[in-house]
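Source file protein-v3.pdb; content: PDB, C-alpha atoms.
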```
ATOM      1  CA  MET A   1      99.220 -17.812 209.100
ATOM      2  CA  THR A   2     100.829 -21.210 208.713
ATOM      3  CA  GLU A   3     100.531 -23.589 205.832
ATOM      4  CA  TYR A   4      97.646 -26.063 205.968
ATOM      5  CA  THR A   5      98.164 -29.641 204.785
ATOM      6  CA  PRO A   6      94.904 -31.573 204.647
ATOM      7  CA  VAL A   7      94.638 -35.206 205.716
ATOM      8  CA  HIS A   8      92.328 -37.940 204.362
ATOM      9  CA  VAL A   9      92.041 -36.134 201.023
ATOM     10  CA  GLY A  10      89.605 -37.759 198.605
ATOM     11  CA  THR A  11      87.654 -39.509 201.327
ATOM     12  CA  VAL A  12      84.130 -38.962 202.613
ATOM     13  CA  THR A  13      82.899 -39.133 206.184
ATOM     14  CA  LYS A  14      79.350 -40.083 207.095
ATOM     15  CA  TYR A  15      77.376 -40.340 210.306
ATOM     16  CA  VAL A  16      75.212 -43.384 210.871
ATOM     17  CA  VAL A  17      72.649 -42.450 213.514
ATOM     18  CA  VAL A  18      70.614 -45.243 215.064
ATOM     19  CA  GLU A  19      67.334 -44.631 216.884
ATOM     20  CA  SER A  20      66.018 -48.134 217.366
ATOM     21  CA  PHE A  21      64.623 -50.419 220.057
ATOM     22  CA  ASP A  22      66.340 -53.441 218.501
ATOM     23  CA  ILE A  23      69.784 -52.239 217.400
ATOM     24  CA  THR A  24      72.490 -50.475 219.402
ATOM     25  CA  PRO A  25      75.510 -48.580 218.051
ATOM     26  CA  ALA A  26      77.684 -51.482 219.307
ATOM     27  CA  ASP A  27      75.732 -53.985 217.150
ATOM     28  CA  LEU A  28      76.158 -51.746 214.123
ATOM     29  CA  ALA A  29      79.867 -51.265 214.846
ATOM     30  CA  VAL A  30      80.478 -55.021 214.995
ATOM     31  CA  ARG A  31      78.683 -55.518 211.667
ATOM     32  CA  ALA A  32      80.552 -52.572 210.113
ATOM     33  CA  TYR A  33      83.940 -53.932 211.258
ATOM     34  CA  GLU A  34      83.032 -57.307 209.736
ATOM     35  CA  ILE A  35      82.329 -55.947 206.270
ATOM     36  CA  ALA A  36      84.717 -52.971 206.111
ATOM     37  CA  LYS A  37      87.708 -53.128 203.785
ATOM     38  CA  GLY A  38      90.022 -50.319 204.812
ATOM     39  CA  ALA A  39      87.453 -47.797 206.073
ATOM     40  CA  MET A  40      87.891 -46.050 209.418
ATOM     41  CA  ILE A  41      84.963 -46.740 211.743
ATOM     42  CA  LYS A  42      84.365 -44.979 215.035
ATOM     43  CA  GLU A  43      81.596 -45.980 217.426
ATOM     44  CA  THR A  44      79.826 -43.130 219.192
ATOM     45  CA  CYS A  45      76.930 -42.790 221.631
ATOM     46  CA  PHE A  46      74.451 -42.187 218.786
ATOM     47  CA  GLY A  47      75.815 -44.535 216.108
ATOM     48  CA  LEU A  48      78.921 -44.594 213.964
ATOM     49  CA  VAL A  49      81.224 -42.274 212.063
ATOM     50  CA  ILE A  50      82.627 -43.918 208.928
ATOM     51  CA  ASN A  51      85.492 -42.502 206.868
ATOM     52  CA  GLY A  52      86.934 -43.899 203.648
ATOM     53  CA  LYS A  53      86.669 -43.892 199.881
ATOM     54  CA  GLU A  54      83.182 -42.946 198.734
ATOM     55  CA  GLU A  55      82.357 -46.312 197.113
ATOM     56  CA  GLU A  56      83.527 -48.212 200.188
ATOM     57  CA  VAL A  57      81.583 -45.996 202.610
ATOM     58  CA  ASP A  58      78.443 -46.262 200.447
ATOM     59  CA  ARG A  59      78.796 -50.055 200.345
ATOM     60  CA  ILE A  60      79.106 -50.299 204.143
ATOM     61  CA  ILE A  61      76.197 -47.923 204.673
ATOM     62  CA  SER A  62      73.853 -49.707 202.272
ATOM     63  CA  GLU A  63      74.663 -52.955 204.074
ATOM     64  CA  LEU A  64      74.080 -51.406 207.519
ATOM     65  CA  ARG A  65      70.790 -49.855 206.430
ATOM     66  CA  THR A  66      69.326 -53.287 205.734
ATOM     67  CA  ILE A  67      69.571 -54.175 209.440
ATOM     68  CA  ASP A  68      66.838 -51.715 210.425
ATOM     69  CA  PRO A  69      66.043 -49.446 207.453
ATOM     70  CA  ASP A  70      63.412 -47.283 209.120
ATOM     71  CA  HIS A  71      65.491 -46.511 212.218
ATOM     72  CA  ILE A  72      68.946 -45.864 210.747
ATOM     73  CA  PHE A  73      69.672 -42.371 209.419
ATOM     74  CA  ILE A  74      72.714 -41.232 207.443
ATOM     75  CA  LYS A  75      74.250 -37.793 207.131
ATOM     76  CA  ASP A  76      77.401 -36.340 205.566
ATOM     77  CA  ARG A  77      80.150 -34.914 207.760
ATOM     78  CA  GLY A  78      82.807 -32.399 206.741
ATOM     79  CA  PHE A  79      85.547 -33.443 209.168
ATOM     80  CA  PRO A  80      87.166 -36.878 209.514
ATOM     81  CA  PRO A  81      86.568 -38.807 212.789
ATOM     82  CA  GLY A  82      88.554 -37.524 215.774
ATOM     83  CA  ASP A  83      89.624 -34.290 214.065
ATOM     84  CA  PRO A  84      91.111 -32.083 216.845
ATOM     85  CA  ARG A  85      89.200 -29.056 215.541
ATOM     86  CA  ARG A  86      85.868 -30.765 216.178
ATOM     87  CA  CYS A  87      86.356 -33.752 218.512
ATOM     88  CA  ARG A  88      84.939 -33.251 221.995
ATOM     89  CA  ALA A  89      88.054 -34.850 223.501
ATOM     90  CA  ASN A  90      89.936 -31.633 222.644
ATOM     91  CA  LEU A  91      87.152 -29.115 223.125
ATOM     92  CA  GLY A  92      85.863 -30.155 226.550
ATOM     93  CA  GLY A  93      82.197 -30.133 225.649
ATOM     94  CA  ALA A  94      79.730 -31.487 223.144
ATOM     95  CA  ARG A  95      80.968 -31.322 219.561
ATOM     96  CA  PRO A  96      79.629 -28.259 217.727
ATOM     97  CA  GLY A  97      76.800 -29.579 215.617
ATOM     98  CA  TYR A  98      75.819 -32.271 218.093
ATOM     99  CA  HIS A  99      73.111 -30.047 219.553
ATOM    100  CA  GLY A 100      71.349 -29.828 216.200
ATOM    101  CA  MET A 101      71.511 -33.584 215.836
ATOM    102  CA  GLU A 102      70.287 -34.025 219.419
ATOM    103  CA  GLN A 103      67.297 -31.801 218.670
ATOM    104  CA  GLU A 104      66.446 -33.816 215.552
ATOM    105  CA  MET A 105      66.737 -37.052 217.549
ATOM    106  CA  THR A 106      63.517 -35.976 219.336
ATOM    107  CA  ILE A 107      61.741 -35.792 215.939
ATOM    108  CA  ILE A 108      63.201 -38.951 214.404
ATOM    109  CA  PRO A 109      60.695 -41.337 216.085
ATOM    110  CA  TYR A 110      57.854 -39.589 214.174
ATOM    111  CA  VAL A 111      59.818 -39.867 210.908
ATOM    112  CA  SER A 112      60.584 -43.546 211.590
ATOM    113  CA  HIS A 113      56.865 -44.134 212.208
ATOM    114  CA  GLY A 114      56.120 -42.373 208.901
ATOM    115  CA  LEU A 115      58.644 -44.548 207.059
ATOM    116  CA  GLU A 116      57.051 -47.689 208.518
ATOM    117  CA  VAL A 117      53.493 -46.623 207.702
ATOM    118  CA  ILE A 118      54.086 -45.627 204.062
ATOM    119  CA  GLN A 119      55.229 -49.179 203.308
ATOM    120  CA  THR A 120      51.688 -50.413 203.881
ATOM    121  CA  ARG A 121      49.705 -47.294 202.963
ATOM    122  CA  ASP A 122      49.290 -45.637 199.570
ATOM    123  CA  ILE A 123      51.073 -42.270 199.896
ATOM    124  CA  GLN A 124      48.666 -40.658 197.402
ATOM    125  CA  THR A 125      45.877 -41.100 199.963
ATOM    126  CA  VAL A 126      47.844 -39.409 202.770
ATOM    127  CA  PRO A 127      46.729 -35.780 203.188
ATOM    128  CA  ALA A 128      49.304 -33.046 202.593
ATOM    129  CA  PRO A 129      50.862 -31.521 205.728
ATOM    130  CA  GLN A 130      50.198 -27.944 206.759
ATOM    131  CA  ASN A 131      51.687 -25.491 204.258
ATOM    132  CA  PRO A 132      53.821 -22.898 206.114
ATOM    133  CA  LEU A 133      53.353 -20.375 203.283
ATOM    134  CA  GLU A 134      49.568 -20.290 203.707
ATOM    135  CA  HIS A 135      48.501 -17.463 205.985
ATOM    136  CA  THR A 136      45.061 -18.315 207.275
ATOM    137  CA  ASP A 137      42.822 -15.781 209.026
ATOM    138  CA  LEU A 138      42.326 -16.131 212.747
ATOM    139  CA  ASP A 139      39.232 -18.223 213.359
ATOM    140  CA  VAL A 140      36.469 -16.336 215.222
ATOM    141  CA  ASN A 141      35.943 -19.179 217.688
ATOM    142  CA  ARG A 142      39.645 -19.296 218.443
ATOM    143  CA  LEU A 143      39.698 -15.518 218.949
ATOM    144  CA  LYS A 144      36.764 -15.849 221.350
ATOM    145  CA  LYS A 145      38.619 -18.530 223.303
ATOM    146  CA  LEU A 146      41.729 -16.328 223.491
ATOM    147  CA  ILE A 147      39.648 -13.400 224.823
ATOM    148  CA  GLU A 148      37.938 -15.605 227.384
ATOM    149  CA  ALA A 149      41.279 -17.055 228.513
ATOM    150  CA  GLN A 150      42.611 -13.522 228.944
ATOM    151  CA  GLU A 151      39.585 -12.350 230.917
ATOM    152  CA  SER A 152      39.397 -15.302 233.299
TER     153      SER A 152
ATOM    154  CA  MET B 153      69.619 -38.034 190.353
ATOM    155  CA  VAL B 154      68.654 -34.462 191.199
ATOM    156  CA  LYS B 155      70.643 -32.087 193.422
ATOM    157  CA  VAL B 156      68.331 -31.056 196.263
ATOM    158  CA  PHE B 157      69.244 -28.161 198.565
ATOM    159  CA  ILE B 158      68.112 -28.847 202.109
ATOM    160  CA  TYR B 159      67.257 -26.200 204.663
ATOM    161  CA  PRO B 160      68.333 -26.352 207.514
ATOM    162  CA  ALA B 161      71.520 -27.263 205.662
ATOM    163  CA  THR B 162      72.727 -29.394 208.587
ATOM    164  CA  SER B 163      69.505 -31.420 208.881
ATOM    165  CA  LEU B 164      70.058 -35.131 209.495
ATOM    166  CA  ILE B 165      66.455 -36.039 208.654
ATOM    167  CA  LEU B 166      66.347 -34.181 205.321
ATOM    168  CA  SER B 167      69.825 -35.338 204.307
ATOM    169  CA  ASP B 168      68.833 -38.949 204.958
ATOM    170  CA  LEU B 169      65.424 -38.817 203.248
ATOM    171  CA  VAL B 170      66.795 -37.134 200.108
ATOM    172  CA  ALA B 171      69.594 -39.727 199.782
ATOM    173  CA  ARG B 172      67.202 -42.579 200.697
ATOM    174  CA  TYR B 173      64.921 -41.714 197.777
ATOM    175  CA  GLY B 174      67.781 -41.601 195.282
ATOM    176  CA  HIS B 175      68.794 -37.937 195.055
ATOM    177  CA  THR B 176      71.829 -35.888 196.135
ATOM    178  CA  PRO B 177      71.411 -33.683 199.218
ATOM    179  CA  LEU B 178      73.386 -30.419 199.166
ATOM    180  CA  SER B 179      74.274 -29.740 202.788
ATOM    181  CA  SER B 180      76.777 -27.590 204.659
ATOM    182  CA  ALA B 181      78.900 -30.680 205.467
ATOM    183  CA  VAL B 182      79.663 -31.133 201.762
ATOM    184  CA  ALA B 183      80.759 -27.490 201.429
ATOM    185  CA  ILE B 184      82.906 -27.704 204.585
ATOM    186  CA  ARG B 185      84.484 -30.969 203.387
ATOM    187  CA  GLU B 186      85.701 -29.222 200.214
ATOM    188  CA  ARG B 187      87.546 -26.640 202.326
ATOM    189  CA  ILE B 188      88.874 -29.145 204.880
ATOM    190  CA  GLN B 189      90.404 -31.239 202.094
ATOM    191  CA  THR B 190      91.966 -28.343 200.189
ATOM    192  CA  ALA B 191      95.550 -27.267 200.922
ATOM    193  CA  GLY B 192      96.199 -23.593 201.663
ATOM    194  CA  LEU B 193      96.592 -21.405 204.708
ATOM    195  CA  GLU B 194      95.599 -22.776 208.089
ATOM    196  CA  SER B 195      92.399 -21.133 209.325
ATOM    197  CA  PRO B 196      90.786 -23.249 212.051
ATOM    198  CA  PRO B 197      88.243 -24.413 212.919
ATOM    199  CA  LEU B 198      86.341 -24.469 209.589
ATOM    200  CA  GLN B 199      89.084 -23.447 207.124
ATOM    201  CA  ILE B 200      87.104 -20.331 206.267
ATOM    202  CA  THR B 201      89.869 -18.023 205.039
ATOM    203  CA  PRO B 202      89.718 -14.238 204.445
ATOM    204  CA  GLU B 203      89.055 -15.100 200.790
ATOM    205  CA  GLU B 204      85.580 -16.470 201.579
ATOM    206  CA  PRO B 205      83.850 -13.128 202.388
ATOM    207  CA  LYS B 206      85.209 -11.851 199.061
ATOM    208  CA  LYS B 207      83.629 -14.810 197.240
ATOM    209  CA  GLY B 208      80.402 -14.094 199.151
ATOM    210  CA  LEU B 209      80.147 -10.728 197.377
ATOM    211  CA  ARG B 210      78.504 -12.589 194.524
ATOM    212  CA  TRP B 211      75.381 -13.101 196.660
ATOM    213  CA  ALA B 212      75.523 -10.314 199.245
ATOM    214  CA  ALA B 213      76.397  -6.620 198.954
ATOM    215  CA  VAL B 214      79.657  -5.200 200.299
ATOM    216  CA  GLU B 215      77.948  -3.489 203.261
ATOM    217  CA  VAL B 216      76.562  -6.848 204.429
ATOM    218  CA  PRO B 217      78.629  -8.142 207.393
ATOM    219  CA  ALA B 218      81.583 -10.382 206.541
ATOM    220  CA  GLY B 219      80.022 -13.201 208.609
ATOM    221  CA  VAL B 220      77.060 -13.370 206.242
ATOM    222  CA  ARG B 221      79.247 -13.151 203.149
ATOM    223  CA  GLY B 222      81.581 -15.865 204.473
ATOM    224  CA  ARG B 223      78.641 -18.177 205.080
ATOM    225  CA  MET B 224      77.217 -17.350 201.645
ATOM    226  CA  SER B 225      80.471 -18.556 200.068
ATOM    227  CA  LEU B 226      79.445 -22.002 201.365
ATOM    228  CA  TYR B 227      75.760 -21.900 200.470
ATOM    229  CA  GLY B 228      75.788 -19.655 197.378
ATOM    230  CA  PRO B 229      77.388 -22.159 194.976
ATOM    231  CA  GLN B 230      75.025 -24.855 196.266
ATOM    232  CA  ILE B 231      71.960 -22.655 195.719
ATOM    233  CA  GLU B 232      73.143 -22.018 192.164
ATOM    234  CA  ALA B 233      73.758 -25.738 191.569
ATOM    235  CA  CYS B 234      70.548 -27.055 193.130
ATOM    236  CA  GLU B 235      67.664 -28.254 190.975
ATOM    237  CA  ALA B 236      65.115 -28.529 193.805
ATOM    238  CA  ALA B 237      64.835 -27.502 197.441
ATOM    239  CA  ILE B 238      63.186 -28.709 200.630
ATOM    240  CA  ILE B 239      62.718 -26.010 203.260
ATOM    241  CA  ILE B 240      61.674 -26.664 206.847
ATOM    242  CA  ASN B 241      60.180 -23.548 208.355
ATOM    243  CA  ASP B 242      60.621 -22.443 211.986
ATOM    244  CA  ALA B 243      63.204 -25.158 212.660
ATOM    245  CA  ASP B 244      64.606 -24.798 216.188
ATOM    246  CA  LEU B 245      68.047 -25.991 215.103
ATOM    247  CA  ALA B 246      68.305 -23.219 212.498
ATOM    248  CA  PHE B 247      68.414 -20.716 215.372
ATOM    249  CA  GLY B 248      71.725 -18.927 215.706
ATOM    250  CA  CYS B 249      73.574 -15.643 216.037
ATOM    251  CA  MET B 250      72.786 -12.654 213.810
ATOM    252  CA  GLY B 251      75.255 -13.920 211.185
ATOM    253  CA  CYS B 252      73.407 -17.233 210.951
ATOM    254  CA  ALA B 253      69.970 -15.591 211.148
ATOM    255  CA  ARG B 254      70.663 -13.109 208.330
ATOM    256  CA  THR B 255      72.311 -15.816 206.222
ATOM    257  CA  ASN B 256      69.263 -18.022 206.729
ATOM    258  CA  GLU B 257      66.991 -15.207 205.556
ATOM    259  CA  LEU B 258      69.156 -14.624 202.489
ATOM    260  CA  VAL B 259      69.338 -18.363 201.693
ATOM    261  CA  LYS B 260      65.547 -18.672 201.862
ATOM    262  CA  PHE B 261      65.112 -15.500 199.785
ATOM    263  CA  LEU B 262      67.475 -16.774 197.058
ATOM    264  CA  LEU B 263      65.729 -20.157 197.003
ATOM    265  CA  ARG B 264      62.307 -18.518 196.646
ATOM    266  CA  GLN B 265      63.624 -16.341 193.809
ATOM    267  CA  LYS B 266      64.877 -19.397 191.942
ATOM    268  CA  ASP B 267      62.478 -21.105 189.559
ATOM    269  CA  ILE B 268      62.860 -24.662 190.843
ATOM    270  CA  PRO B 269      60.487 -27.140 192.548
ATOM    271  CA  LYS B 270      60.312 -26.328 196.269
ATOM    272  CA  LEU B 271      58.660 -28.044 199.203
ATOM    273  CA  ASP B 272      57.857 -26.083 202.358
ATOM    274  CA  LEU B 273      57.193 -27.997 205.545
ATOM    275  CA  TYR B 274      57.205 -27.893 209.335
ATOM    276  CA  TYR B 275      58.892 -30.555 211.439
ATOM    277  CA  PRO B 276      56.329 -33.175 212.532
ATOM    278  CA  LYS B 277      55.038 -32.981 216.096
ATOM    279  CA  SER B 278      53.073 -36.252 216.194
ATOM    280  CA  GLU B 279      53.045 -39.688 214.569
ATOM    281  CA  GLU B 280      50.299 -38.727 212.099
ATOM    282  CA  GLU B 281      52.230 -35.598 211.135
ATOM    283  CA  GLY B 282      55.273 -37.854 210.710
ATOM    284  CA  VAL B 283      53.359 -39.926 208.133
ATOM    285  CA  GLN B 284      52.277 -36.751 206.307
ATOM    286  CA  PHE B 285      55.839 -35.373 206.471
ATOM    287  CA  VAL B 286      57.463 -38.486 204.979
ATOM    288  CA  SER B 287      54.703 -38.904 202.363
ATOM    289  CA  ALA B 288      55.019 -35.278 201.236
ATOM    290  CA  ILE B 289      58.797 -35.606 200.848
ATOM    291  CA  LYS B 290      58.509 -38.924 198.995
ATOM    292  CA  ARG B 291      55.837 -37.545 196.631
ATOM    293  CA  PHE B 292      57.987 -34.457 195.996
ATOM    294  CA  LEU B 293      61.203 -36.430 195.365
ATOM    295  CA  ASP B 294      59.447 -39.037 193.192
ATOM    296  CA  GLY B 295      58.019 -36.176 191.134
ATOM    297  CA  LEU B 296      61.502 -34.833 190.399
ATOM    298  CA  GLY B 297      62.385 -37.946 188.413
ATOM    299  CA  GLY B 298      65.934 -39.024 187.576
ATOM    300  CA  GLN B 299      66.382 -41.401 190.526
ATOM    301  CA  LYS B 300      69.423 -43.619 190.355
TER     302      LYS B 300
END
```
Would you mind writing the structure in this file as structure tokens?
Amino acid sequence: MTEYTPVHVGTVTKYVVVESFDITPADLAVRAYEIAKGAMIKETCFGLVINGKEEEVDRIISELRTIDPDHIFIKDRGFPPGDPRRCRANLGGARPGYHGMEQEMTIIPYVSHGLEVIQTRDIQTVPAPQNPLEHTDLDVNRLKKLIEAQES
Amino acid sequence: MVKVFIYPATSLILSDLVARYGHTPLSSAVAIRERIQTAGLESPPLQITPEEPKKGLRWAAVEVPAGVRGRMSLYGPQIEACEAAIIINDADLAFGCMGCARTNELVKFLLRQKDIPKLDLYYPKSEEEGVQFVSAIKRFLDGLGGQK
């Protein structure tokens, strides 16, 4: 085993994922370059990867969020941008972890809609979602339908 | 600001919503970052060294596979540090090999054992469910108090 010397120590990396009809990753990148003071910004197909000191990254992100708050999502990342252990340029395929993000991108429009609606609707009046821990009995009518579907 | 463990620990949606409403999400990226930024022996790709399965013994027995114990060395300290948890059940992206699957079971078990506020949900499958999903998370996080 060889010695490991880390790079970008003391920095944080965050993903900025944009799922919007009005804003593209290129628009966000231009705005981020304008306001960044020493942070590393990488434009990707889904948004941006920003690396730098925590306060600086948080400042850039809070500024970017204001552009389209309900359609911009932020997530932490362990590796710095372009790290050869994770970057697809070295691996020859999608970055590990992208598939999870890609799957959540199909759900994000519903979450964005929820974020938009709760600005105008009292959240106390919104019914609670289905509780996964509740085990309800099989409804008789549903059982009948299942039997009929099997028989036909 | 309350430390909220999110499950799936790589979830973009949960990580964003927890931070958006003023709390600290505990995700796998944060645990990996600690290892990536710490000097030691080179162990690509995730800097999980042979020491990690030993640390995992705190949460899993010695006969449990090393893959589970290594993963628990990432999630175990976060489960101990968390003050609340949001769990999404039957998440497609939490699917993985046996190491991941058994670790997921153990993570959920440890969270359920812990006496902290927990919110169990499914991912939304429609716009109305999206409203209910976001409202439930906001109500839960507002109820924790201590926002920044």
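Among the candidates A:Val9, A:Val18, A:Ile72, A:Ile35, the one nearest to chain B when counting only C-alpha atoms is A:Val9.
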Worksheet item: Which polymer residues have any atom within 8 Å of an atom of B:Gly282, counting all atoms listed in the file, with same-chain residues fewer than 6 positions away left out, as a ChimeraX atom specification?
Response: /A:110-114 /B:276
Item to complete: Would you kindly return, as number ranges by chain, each protein, DNA or RNA residue with an atom no farther than 6 Å from any atom of stretch 244-249 of chain B, considering only C-alpha atoms and excluding same-chain residues fewer than 2 positions away?
Response: A: 100; B: 160, 251-253
Using C-alpha atoms, can you export the residues from the last selection as a PDB file, keeping the file's coordinate frame?
```pdb
ATOM      1  CA  GLY A 100      71.349 -29.828 216.200  1.00  0.00           C
TER       2      GLY A 100
ATOM      3  CA  PRO B 160      68.333 -26.352 207.514  1.00  0.00           C
ATOM      4  CA  GLY B 251      75.255 -13.920 211.185  1.00  0.00           C
ATOM      5  CA  CYS B 252      73.407 -17.233 210.951  1.00  0.00           C
ATOM      6  CA  ALA B 253      69.970 -15.591 211.148  1.00  0.00           C
TER       7      ALA B 253
END
```
Using 7 Å as the limit and counting only C-alpha atoms, can you tabulate each residue of chain A that touches chain B, with its shortest atom-to-atom distance in Å and the two atoms involved, as JSON lines?
```
{"residue": "A:Met1", "atom": "CA", "partner": "B:Glu194", "partner_atom": "CA", "distance": 6.2}
{"residue": "A:Thr2", "atom": "CA", "partner": "B:Glu194", "partner_atom": "CA", "distance": 5.5}
{"residue": "A:Glu3", "atom": "CA", "partner": "B:Leu193", "partner_atom": "CA", "distance": 4.6}
{"residue": "A:Tyr4", "atom": "CA", "partner": "B:Glu194", "partner_atom": "CA", "distance": 4.4}
{"residue": "A:Thr5", "atom": "CA", "partner": "B:Ala191", "partner_atom": "CA", "distance": 5.2}
{"residue": "A:Pro6", "atom": "CA", "partner": "B:Gln189", "partner_atom": "CA", "distance": 5.2}
{"residue": "A:Val7", "atom": "CA", "partner": "B:Gln189", "partner_atom": "CA", "distance": 6.8}
{"residue": "A:Val9", "atom": "CA", "partner": "B:Gln189", "partner_atom": "CA", "distance": 5.3}
{"residue": "A:Phe73", "atom": "CA", "partner": "B:Asp168", "partner_atom": "CA", "distance": 5.7}
{"residue": "A:Ile74", "atom": "CA", "partner": "B:Asp168", "partner_atom": "CA", "distance": 5.1}
{"residue": "A:Lys75", "atom": "CA", "partner": "B:Leu164", "partner_atom": "CA", "distance": 5.5}
{"residue": "A:Asp76", "atom": "CA", "partner": "B:Ala181", "partner_atom": "CA", "distance": 5.9}
{"residue": "A:Arg77", "atom": "CA", "partner": "B:Ala181", "partner_atom": "CA", "distance": 5.0}
{"residue": "A:Gly78", "atom": "CA", "partner": "B:Arg185", "partner_atom": "CA", "distance": 4.0}
{"residue": "A:Phe79", "atom": "CA", "partner": "B:Arg185", "partner_atom": "CA", "distance": 6.4}
{"residue": "A:Arg85", "atom": "CA", "partner": "B:Pro197", "partner_atom": "CA", "distance": 5.4}
{"residue": "A:Gly100", "atom": "CA", "partner": "B:Leu245", "partner_atom": "CA", "distance": 5.2}
{"residue": "A:Met101", "atom": "CA", "partner": "B:Leu164", "partner_atom": "CA", "distance": 6.7}
{"residue": "A:Gln103", "atom": "CA", "partner": "B:Leu245", "partner_atom": "CA", "distance": 6.9}
{"residue": "A:Ile107", "atom": "CA", "partner": "B:Pro276", "partner_atom": "CA", "distance": 6.9}
{"residue": "A:Tyr110", "atom": "CA", "partner": "B:Gly282", "partner_atom": "CA", "distance": 4.7}
{"residue": "A:Val111", "atom": "CA", "partner": "B:Gly282", "partner_atom": "CA", "distance": 5.0}
{"residue": "A:His113", "atom": "CA", "partner": "B:Glu279", "partner_atom": "CA", "distance": 6.3}
{"residue": "A:Gly114", "atom": "CA", "partner": "B:Val283", "partner_atom": "CA", "distance": 3.8}
{"residue": "A:Leu115", "atom": "CA", "partner": "B:Val286", "partner_atom": "CA", "distance": 6.5}
{"residue": "A:Val117", "atom": "CA", "partner": "B:Val283", "partner_atom": "CA", "distance": 6.7}
{"residue": "A:Ile118", "atom": "CA", "partner": "B:Ser287", "partner_atom": "CA", "distance": 7.0}
{"residue": "A:Ile123", "atom": "CA", "partner": "B:Ser287", "partner_atom": "CA", "distance": 5.5}
{"residue": "A:Val126", "atom": "CA", "partner": "B:Gln284", "partner_atom": "CA", "distance": 6.3}
{"residue": "A:Pro127", "atom": "CA", "partner": "B:Gln284", "partner_atom": "CA", "distance": 6.4}
{"residue": "A:Ala128", "atom": "CA", "partner": "B:Gln284", "partner_atom": "CA", "distance": 6.0}
{"residue": "A:Pro129", "atom": "CA", "partner": "B:Gln284", "partner_atom": "CA", "distance": 5.4}
{"residue": "A:Asn131", "atom": "CA", "partner": "B:Leu273", "partner_atom": "CA", "distance": 6.2}
{"residue": "A:Pro132", "atom": "CA", "partner": "B:Leu273", "partner_atom": "CA", "distance": 6.1}
```
Restrict the selected residues to C-alpha atoms and save them as a PDB file, in the frame of the given file.
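Output below, filename part-v4.pdb:
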```
ATOM      1  CA  MET A   1      99.220 -17.812 209.100  1.00  0.00           C
ATOM      2  CA  THR A   2     100.829 -21.210 208.713  1.00  0.00           C
ATOM      3  CA  GLU A   3     100.531 -23.589 205.832  1.00  0.00           C
ATOM      4  CA  TYR A   4      97.646 -26.063 205.968  1.00  0.00           C
ATOM      5  CA  THR A   5      98.164 -29.641 204.785  1.00  0.00           C
ATOM      6  CA  PRO A   6      94.904 -31.573 204.647  1.00  0.00           C
ATOM      7  CA  VAL A   7      94.638 -35.206 205.716  1.00  0.00           C
ATOM      8  CA  VAL A   9      92.041 -36.134 201.023  1.00  0.00           C
ATOM      9  CA  PHE A  73      69.672 -42.371 209.419  1.00  0.00           C
ATOM     10  CA  ILE A  74      72.714 -41.232 207.443  1.00  0.00           C
ATOM     11  CA  LYS A  75      74.250 -37.793 207.131  1.00  0.00           C
ATOM     12  CA  ASP A  76      77.401 -36.340 205.566  1.00  0.00           C
ATOM     13  CA  ARG A  77      80.150 -34.914 207.760  1.00  0.00           C
ATOM     14  CA  GLY A  78      82.807 -32.399 206.741  1.00  0.00           C
ATOM     15  CA  PHE A  79      85.547 -33.443 209.168  1.00  0.00           C
ATOM     16  CA  ARG A  85      89.200 -29.056 215.541  1.00  0.00           C
ATOM     17  CA  GLY A 100      71.349 -29.828 216.200  1.00  0.00           C
ATOM     18  CA  MET A 101      71.511 -33.584 215.836  1.00  0.00           C
ATOM     19  CA  GLN A 103      67.297 -31.801 218.670  1.00  0.00           C
ATOM     20  CA  ILE A 107      61.741 -35.792 215.939  1.00  0.00           C
ATOM     21  CA  TYR A 110      57.854 -39.589 214.174  1.00  0.00           C
ATOM     22  CA  VAL A 111      59.818 -39.867 210.908  1.00  0.00           C
ATOM     23  CA  HIS A 113      56.865 -44.134 212.208  1.00  0.00           C
ATOM     24  CA  GLY A 114      56.120 -42.373 208.901  1.00  0.00           C
ATOM     25  CA  LEU A 115      58.644 -44.548 207.059  1.00  0.00           C
ATOM     26  CA  VAL A 117      53.493 -46.623 207.702  1.00  0.00           C
ATOM     27  CA  ILE A 118      54.086 -45.627 204.062  1.00  0.00           C
ATOM     28  CA  ILE A 123      51.073 -42.270 199.896  1.00  0.00           C
ATOM     29  CA  VAL A 126      47.844 -39.409 202.770  1.00  0.00           C
ATOM     30  CA  PRO A 127      46.729 -35.780 203.188  1.00  0.00           C
ATOM     31  CA  ALA A 128      49.304 -33.046 202.593  1.00  0.00           C
ATOM     32  CA  PRO A 129      50.862 -31.521 205.728  1.00  0.00           C
ATOM     33  CA  ASN A 131      51.687 -25.491 204.258  1.00  0.00           C
ATOM     34  CA  PRO A 132      53.821 -22.898 206.114  1.00  0.00           C
TER      35      PRO A 132
END
```
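Using only C-alpha atoms for every distance, the candidate list A:Thr120, A:Val140, A:Glu63, A:Asn90 yields A:Glu63 as the residue closest to A:Tyr33.
If you look at atom CA of A:Glu116 and atom CA of A:Glu54, they are 28.3 Å away from each other.
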Fill in: Between atom CA of A:His99 and atom CA of B:Arg254 - distance in Å to one decimal
20.5 Å
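Considering the residues A:Ile147, A:Val49, A:Met40, A:Leu91 and counting all atoms listed in the file, A:Lys14 has its shortest atom-to-atom contact with A:Val49.
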Item to complete: Taking the file above as input, evaluate the PyMOL selection byres ((chain A and resi 23) around 12) and report the hits as a PyMOL selection string.
Response: chain A and resi 17-22+24-31+46-47+64-72
Worksheet item: Do you have the atom CA of A:Tyr15-atom CA of B:Leu262 distance handy?
Response: 28.8 Å
Centre and edge lengths of an axis-aligned box around all listed atoms of stretch 239-244 of chain B, with 4 Å added on each side, are to be given in Å to one decimal, as lines of an AutoDock Vina configuration file.
```
center_x = 62.4
center_y = -24.6
center_z = 209.7
size_x = 12.4
size_y = 12.2
size_z = 20.9
```
